[in-house]
Amino acid sequence: MRMLVLFEKTERLRHIGHLDIMRAMQRALRRSGVPVSYSNGFNPHMLLTFASPLSVGIIGERELMEVTLSEERTPEDFLAAMRTALPPEMPVIAAWPMPDKAPALMAAVQAAEYEITPLERADALLAALPGMLAQAEIITDRKTKSGVKPCDIRPLILSLRVEDGTMHAVLTLSEREACKPDMLLNALSAAAGIEKPCCRIVRKGLLGRDEAGELRPLEALYHA
Amino acid sequence: MENDSSRIERLLERVQKAPRYTGGEMNAVHKDWDSVSFHYGFCFPDTYEVGMSHLGMKILYGLVNAQADSVCERFFMPWTDMLALMREEDIPLFSTESRRALCDFDMIGFTLQYEMSYTNILAMMDLGRVHLRSCDRERDEPIVVAGGPCAFNPEPLCDFIDAFMIGDGEEVTLEVVDAVRAWKRSGAPRAECLRALARIRGVYVPALYDVTYHEDGTVAAITPNDPAAPARVAKCVVTDLDNAYYPTEIPVPYTEIVHDRIMLEIMRGCTRGCRFCQAGMLYRPVRERSLDRLVQLAASLEKATGYEEMSLSSLSSGDYTCLAELIRALMKRLKQERVSISLPSLRLDSVLKESLEETQKERKTSLTFAPEAGTQRLRDVINKGVTEEDLIGKVTDAFQGGWSSVKLYFMIGLPTETYEDLDGIVDLARKVVACYFSVPRDKRAKGLRVTVSASSFVPKPVTPFQWEPQDTRETLLEKQAYLREKFRGVKGVTFNYHESSLSRLEACFARGDRRLGAVLLRAWEKGCMLDGWTELFKYDTWMEAFAECGLDPAWYAHRRRGKDELLPWEVIDSGVTRAFLWHEWEKAQAAITTRDCREGCNGCGLQRWKGVCSYANAGAV
């Protein structure tokens with residue numbers, strides 16, 4: 001059976017890279033005693049996928065992963081086993097059984113919601129925001145496998161407002177295109193003419209689109 | 001003092017490898033600070049990824065935390081970037097768990113794994129706001145203890161360490177914790193704590209001893225200056241490993257460390273008696289854990305950590321009495337958990353090989369052999385019981401079994417070494433290459449790689465070579481150049497060698513006396529630290545520090561000690577006697593080997609302690 005799992009990557013672990021978090025989760029699954037399915041082949045690996053890798057330095061409040069179990073388990077049993085197997089800094093929040101034919105998580109991610117709080121030079125940075133957003137296009141560098149390419153992030157900023165010194169942003173995040181918080185910050189710092197400030201960045205949740213094309217929390221699309 | 005965690009978090013935005021400092025690992029122990037009466041800071045004087053690979057730390061961390069009224073938290077040496085930022089921002093060295101400052105702990109303990117970590121001890125105490133010198137510490141500062149193999153010559157660290165624990169730590173650590181706790185409650189001055197510690201078996205309190213020197217600089221006498229201090233401190237031995245504490249809920253790091261797997265210590269000690277090997281002397285006698293206990297531990301460790309890999313740990317795992325049975329039992333028990341077991345590759349019998357092929361995905365990584373010396377004569381001198389025939393047989397097996405990559409470890413600068421012995425290294429490597437080509441092309445793996453590594457021999461205390469001079473740097477450089485030239489054009493062989501200046505300094509501190517404390521302090525003041533990391537090692541600065549203290553490194557590294565010279569570490573009774581070591585030295589000069597203890601007692605000295613060594617025979621020599 002497929003199990004959809006909502007978990008948190010807390011502030012203390014924000015510098016742990018995606019591969020290390022994956023390995024920590026695999027080890028937690030092993031400790032939990034939950035019967036996880038493995039791939040066939042010469043080098044079997046756990047059937048475990050994360051909806052979207054989280055960049056180093058970012059806190060993840062509602063991260064999603066999918067794990068395939070070799071036996072049926074209720075979400076309650078699954079959660080109980082995982083709670084004892086995970087360190088306090090990486091708690092599981094909820095789990096839901098997934099329909100067998102449900103699309104892969106990674107393909108369903110369309111956007112993510114962030115909170116970005118500059119810890120220095122906040123006034124200068126935030127002052128540049130209205131001007132930048134008023135532009136028809138915002139060109140910044142995008143790092144790809146083949147090198148650095150210019151990219152227009154204006155259409156990828158789906159919403160952005162400031163409240164109490166924190167930017168609340170919904171940014172496109174899909175397999176095809178993405179505006180990472182870092183790209184937004186690079187563009188904004190350039191617009192403000194300042195060195196990029198150190199920021200506390202929280203990914204509040206992953207979003208998908210429902211049948212009507214509206215953005216909804218990704219997990220809600222699976223267990224509705 | 002409680003550290004401001006958010007300030008630490010800010011620093012982590014600015015350093016490389018922040019996961020070194022994050023903590024929060026599975027199985028890390030977090031106890032409420034005020035709920036326990038004793039706070040022990042376990043310090044590994046190197047980086048997180050080195051320290052977290054160390055089994056001894058895991059044992060003692062688990063042991064102290066298993067006591068309801070004590071907590072043990074970990075400290076590591078920050079990398080240079082983090083250290084500079086912490087100084088700049090005035091953030092003291094903080095523990096991995098609660099992020100408390102080092103100076104807040106009741107006791108801090110350093111593990112001494114290698115001499116070149118000594119400057120890190122000073123750097124950590126300085127950053128942790130603990131006075132460096134034992135004599136300067138106030139009553140409310142932590143008691144500073146140290147243990148580990150290098151504690152068998154504690155003298156170069158005497159100025160900085162309050163008490164050394166010598167030998168196995170599982171029992172003495174708790175005795176020391178109790179003594180320090182009792183002293184804390186008593187309100188008595190610091191000196192009383194040191195006295196109480198000196199009364200514990202296996203504890204050496206250097207301040208309670210006076211050292212006098214002859215005019216030529218050699219030690220004249222090491223004399224207790226307090227009735228609490230014994231004339232000699234005998235090491236601690238845990239005789240029954242089955243009943244000794246062993247941790248199962250060990251912290252599992254997020255970031256990859258040097259040895260990222262379960263380490264199952266199957267036995268302690270080694271019976272082979274290689275004459276260059278300090279560990280082989282220090283960890284005597286050999287003690288095995290029972291098969292049942294090991295299988296039970298392996299299962300608990302797997303359950304508690306989720307590790308997918310396990311290695312068997314000891315000085316010579318191939319010598320474990322029932323190795324084949326043990327491996328079969330472990331595989332049977334752990335098969336469904338998909339744990340792969342890395343094995344001591346050198347002593348696989350054929351039955352075992354078959355069961356391996358069945359159950360393990362065999363990874364054909366390189367195989368390592370350590371002949372240590374190039375000729376049979378020199379191997380006899382060092383009592384390394386490996387013959388060319390053995391080696392060639394095993395290497396041929398390996399090539400036939402599908403391996404194509406072999407590492408060969410040698411030492412240069414061994415006592416009595418000549419250029420013939422160096423030629424022997426080249427010959428042996430050539431024979432290994434020939435072995436590979438003797439296997440039919442269709443039966444061997446492609447891509448032969450023979451890596452020959454030559455490290456520079458460092459004479460260590462408590463070995464038969466403790467009296468020997470180390471080769472000078474010039475001699476070692478010549479030998480390295482000679483080998484490099486000889487290996488030029490030997491197809492399939494890569495020749496590596498180690499920095500000789502680092503070995504020279506290691507030699508000074510390995511057999512140094514108390515006066516080296518001044519050099520250590522001076523070198524640290526001049527910016528030396530993380531010396532074990534080649535890119536940070538400042539040889540010239542070290543030489544300046546020696547000169548400024550009026551001490552000659554050559555006197556420590558390259559001088560032959562006399563038979564009757566009192567050696568600075570002889571205040572420690574390591575179990576092995578001077579008479580035995582001298583006898584072994586004489587046999588070495590004559591290239592006469594000594595049998596494995598399992599074939600009969602050689603009278604190393606442990607037979608003096610009743611019931612400690614199962615191979616001891618009081619009458620034997």
# chains A, B, ... in the order shown; residues from 1 in each chain; ligands from 1
call {"tool": "interface_residues", "arguments": {"of": "chain B", "to": "chain A", "cutoff": "8 Å", "atoms": "only C-alpha atoms", "output": "number ranges by chain"}}
result
B: 9, 13, 18-19, 22-27, 254-256, 302-308, 337, 361
call {"tool": "residues_around", "arguments": {"residues": "region 124-129 of chain A", "least_positions_apart": "6", "cutoff": "12 Å", "atoms": "only C-alpha atoms", "output": "MDAnalysis selection string"}}
result
chainID A and resid 116:118 135 138 160:169 184:199
call {"tool": "atom_distance", "arguments": {"atom1": "CA of Met543 (chain B)", "atom2": "CA of Thr80 (chain B)"}}
result
21.8 Å
call {"tool": "residues_around", "arguments": {"residues": "region 398-401 of chain B", "least_positions_apart": "6", "cutoff": "7 Å", "atoms": "only C-alpha atoms", "output": "PyMOL selection string"}}
result
chain B and resi 436+439+443-444
call {"tool": "write_last_selection", "arguments": {"atoms": "N, CA and C atoms", "output": "short mmCIF file (atom, residue, chain, number, x, y, z; two decimals), in the first residue's frame"}}
result
data_model
loop_
_atom_site.label_atom_id
_atom_site.label_comp_id
_atom_site.auth_asym_id
_atom_site.auth_seq_id
_atom_site.Cartn_x
_atom_site.Cartn_y
_atom_site.Cartn_z
N TYR B 436 48.46 -11.02 -10.54
CA TYR B 436 47.26 -10.60 -11.28
C TYR B 436 47.33 -11.12 -12.71
N VAL B 439 46.58 -14.83 -13.48
CA VAL B 439 45.19 -15.27 -13.57
C VAL B 439 44.74 -15.08 -15.01
N LYS B 443 39.28 -14.74 -16.53
CA LYS B 443 38.87 -15.07 -15.16
C LYS B 443 39.16 -13.96 -14.17
N ARG B 444 39.78 -12.90 -14.62
CA ARG B 444 40.11 -11.83 -13.68
C ARG B 444 39.35 -10.55 -14.04
#
call {"tool": "atom_distance", "arguments": {"atom1": "CA of Glu192 (chain B)", "atom2": "CA of Leu157 (chain B)"}}
result
20.8 Å
call {"tool": "select_by_dssp", "arguments": {"residues": "region 25-187 of chain A", "states": "helix (DSSP H, G or I)", "output": "PyMOL selection string"}}
result
chain A and resi 25-32+75-85+105-108+122-127+129-133+154-156+181-187
call {"tool": "write_last_selection", "arguments": {"atoms": "C-alpha atoms", "output": "PDB file, in the first residue's frame"}}
result
ATOM      1  CA  MET A  25      14.137   8.918   6.976  1.00  0.00           C
ATOM      2  CA  GLN A  26      15.144   5.534   5.590  1.00  0.00           C
ATOM      3  CA  ARG A  27      16.896   4.677   8.826  1.00  0.00           C
ATOM      4  CA  ALA A  28      13.873   5.849  10.794  1.00  0.00           C
ATOM      5  CA  LEU A  29      11.651   3.579   8.718  1.00  0.00           C
ATOM      6  CA  ARG A  30      14.008   0.707   9.469  1.00  0.00           C
ATOM      7  CA  ARG A  31      13.950   1.483  13.187  1.00  0.00           C
ATOM      8  CA  SER A  32      10.175   1.785  13.190  1.00  0.00           C
ATOM      9  CA  PRO A  75      -2.181   5.642   9.463  1.00  0.00           C
ATOM     10  CA  GLU A  76      -2.480   5.578  13.258  1.00  0.00           C
ATOM     11  CA  ASP A  77      -0.248   2.517  13.566  1.00  0.00           C
ATOM     12  CA  PHE A  78       2.176   3.930  11.067  1.00  0.00           C
ATOM     13  CA  LEU A  79       2.423   7.239  12.912  1.00  0.00           C
ATOM     14  CA  ALA A  80       2.812   5.583  16.291  1.00  0.00           C
ATOM     15  CA  ALA A  81       5.712   3.486  15.023  1.00  0.00           C
ATOM     16  CA  MET A  82       7.387   6.435  13.311  1.00  0.00           C
ATOM     17  CA  ARG A  83       7.055   8.747  16.290  1.00  0.00           C
ATOM     18  CA  THR A  84       9.344   6.589  18.376  1.00  0.00           C
ATOM     19  CA  ALA A  85      11.731   6.112  15.468  1.00  0.00           C
ATOM     20  CA  LEU A 105       3.724  13.252  -5.651  1.00  0.00           C
ATOM     21  CA  MET A 106       6.599  14.823  -7.498  1.00  0.00           C
ATOM     22  CA  ALA A 107       4.502  15.366 -10.606  1.00  0.00           C
ATOM     23  CA  ALA A 108       1.646  16.914  -8.611  1.00  0.00           C
ATOM     24  CA  ALA A 122      15.455  44.236   6.207  1.00  0.00           C
ATOM     25  CA  ASP A 123      14.274  47.797   5.592  1.00  0.00           C
ATOM     26  CA  ALA A 124      16.385  48.299   2.499  1.00  0.00           C
ATOM     27  CA  LEU A 125      15.400  44.929   1.119  1.00  0.00           C
ATOM     28  CA  LEU A 126      11.680  45.235   1.681  1.00  0.00           C
ATOM     29  CA  ALA A 127      11.600  48.814   0.419  1.00  0.00           C
ATOM     30  CA  LEU A 129       9.830  45.078  -3.231  1.00  0.00           C
ATOM     31  CA  PRO A 130       6.961  47.189  -4.688  1.00  0.00           C
ATOM     32  CA  GLY A 131       9.231  48.571  -7.396  1.00  0.00           C
ATOM     33  CA  MET A 132      10.483  45.167  -8.364  1.00  0.00           C
ATOM     34  CA  LEU A 133       7.043  43.616  -8.487  1.00  0.00           C
ATOM     35  CA  ARG A 154       7.978  37.528 -12.531  1.00  0.00           C
ATOM     36  CA  PRO A 155       5.385  35.011 -13.806  1.00  0.00           C
ATOM     37  CA  LEU A 156       6.585  32.504 -11.197  1.00  0.00           C
ATOM     38  CA  PRO A 181      13.422  31.608  -2.553  1.00  0.00           C
ATOM     39  CA  ASP A 182      17.073  32.182  -3.246  1.00  0.00           C
ATOM     40  CA  MET A 183      16.314  33.393  -6.772  1.00  0.00           C
ATOM     41  CA  LEU A 184      13.724  35.806  -5.407  1.00  0.00           C
ATOM     42  CA  LEU A 185      16.204  37.078  -2.835  1.00  0.00           C
ATOM     43  CA  ASN A 186      18.940  37.503  -5.422  1.00  0.00           C
ATOM     44  CA  ALA A 187      16.649  39.568  -7.612  1.00  0.00           C
TER      45      ALA A 187
END
call {"tool": "residues_around", "arguments": {"residues": "Leu477 (chain B)", "least_positions_apart": "3", "cutoff": "12 Å", "atoms": "only C-alpha atoms", "output": "list of chain:residue names"}}
result
B:Ile412, B:Gly413, B:Ala454, B:Ser455, B:Ser456, B:Asp471, B:Thr472, B:Arg473, B:Glu474, B:Gln480, B:Ala481, B:Tyr482, B:Leu483, B:Arg484, B:Tyr497, B:His498, B:Glu499, B:Ser500, B:Ser501, B:Ser503, B:Arg504
call {"tool": "closest_residue", "arguments": {"among": "B:Gly489, B:Gly385, B:Gly217, B:Pro251", "to": "Leu567 (chain B)", "atoms": "only C-alpha atoms"}}
result
B:Gly217
call {"tool": "closest_residue", "arguments": {"among": "B:Gly603, B:Pro45, B:Pro371, B:Pro415", "to": "Trp585 (chain B)", "atoms": "only C-alpha atoms"}}
result
B:Pro415
call {"tool": "residues_around", "arguments": {"residues": "region 211-221 of chain A", "least_positions_apart": "6", "cutoff": "12 Å", "atoms": "only C-alpha atoms", "output": "PyMOL selection string"}}
result
chain A and resi 3-7+51-52+62-66+93-99+102-113+158-159+170-173+204-205
call {"tool": "residues_around", "arguments": {"residues": "Arg190 (chain B)", "least_positions_apart": "5", "cutoff": "12 Å", "atoms": "only C-alpha atoms", "output": "MDAnalysis selection string"}}
result
chainID B and resid 134:144 162 180 183:185 195:197 207
call {"tool": "write_last_selection", "arguments": {"atoms": "N, CA and C atoms", "output": "CSV table (one decimal), in the first residue's frame"}}
result
chain,number,residue,atom,x,y,z
B,134,SER,N,46.2,23.5,34.5
B,134,SER,CA,45.5,22.9,35.6
B,134,SER,C,45.7,23.7,36.9
B,135,CYS,N,46.9,24.3,37.1
B,135,CYS,CA,47.2,25.0,38.3
B,135,CYS,C,46.5,26.4,38.4
B,136,ASP,N,46.0,26.8,37.2
B,136,ASP,CA,45.3,28.1,37.2
B,136,ASP,C,43.8,28.0,37.4
B,137,ARG,N,43.2,26.8,37.4
B,137,ARG,CA,41.8,26.6,37.5
B,137,ARG,C,41.2,26.9,38.8
B,138,GLU,N,40.0,27.6,38.7
B,138,GLU,CA,39.3,28.0,40.0
B,138,GLU,C,38.5,26.8,40.4
B,139,ARG,N,37.9,26.9,41.6
B,139,ARG,CA,37.2,25.8,42.2
B,139,ARG,C,36.0,25.4,41.3
B,140,ASP,N,35.3,26.4,40.8
B,140,ASP,CA,34.1,26.1,40.1
B,140,ASP,C,34.3,25.8,38.6
B,141,GLU,N,35.5,25.7,38.2
B,141,GLU,CA,35.7,25.3,36.8
B,141,GLU,C,35.7,23.7,36.7
B,142,PRO,N,35.5,23.2,35.5
B,142,PRO,CA,35.4,21.8,35.4
B,142,PRO,C,36.7,21.1,35.8
B,143,ILE,N,36.5,19.8,36.3
B,143,ILE,CA,37.7,19.0,36.5
B,143,ILE,C,38.0,18.4,35.1
B,144,VAL,N,39.2,18.5,34.7
B,144,VAL,CA,39.6,18.1,33.3
B,144,VAL,C,40.3,16.8,33.3
B,162,ASP,N,43.9,17.5,34.6
B,162,ASP,CA,43.9,17.3,36.1
B,162,ASP,C,44.2,15.8,36.4
B,180,VAL,N,34.2,13.0,41.7
B,180,VAL,CA,34.1,14.4,41.5
B,180,VAL,C,32.7,15.0,42.0
B,183,TRP,N,33.0,15.4,45.7
B,183,TRP,CA,33.9,16.6,46.0
B,183,TRP,C,33.1,17.9,45.8
B,184,LYS,N,32.4,17.9,44.7
B,184,LYS,CA,31.6,19.1,44.4
B,184,LYS,C,30.7,19.5,45.6
B,185,ARG,N,30.0,18.4,46.1
B,185,ARG,CA,29.1,18.6,47.2
B,185,ARG,C,29.8,19.0,48.5
B,195,ARG,N,43.3,14.7,45.0
B,195,ARG,CA,43.7,13.6,45.9
B,195,ARG,C,42.7,12.4,45.9
B,196,ALA,N,41.5,12.8,45.9
B,196,ALA,CA,40.4,11.7,45.8
B,196,ALA,C,40.6,10.9,44.6
B,197,LEU,N,40.8,11.6,43.5
B,197,LEU,CA,41.0,10.9,42.2
B,197,LEU,C,42.2,10.0,42.2
B,207,ALA,N,49.8,16.4,39.0
B,207,ALA,CA,50.3,17.4,39.9
B,207,ALA,C,50.8,16.8,41.2
call {"tool": "atom_distance", "arguments": {"atom1": "CA of Arg272 (chain B)", "atom2": "CA of Thr375 (chain B)"}}
result
18.7 Å
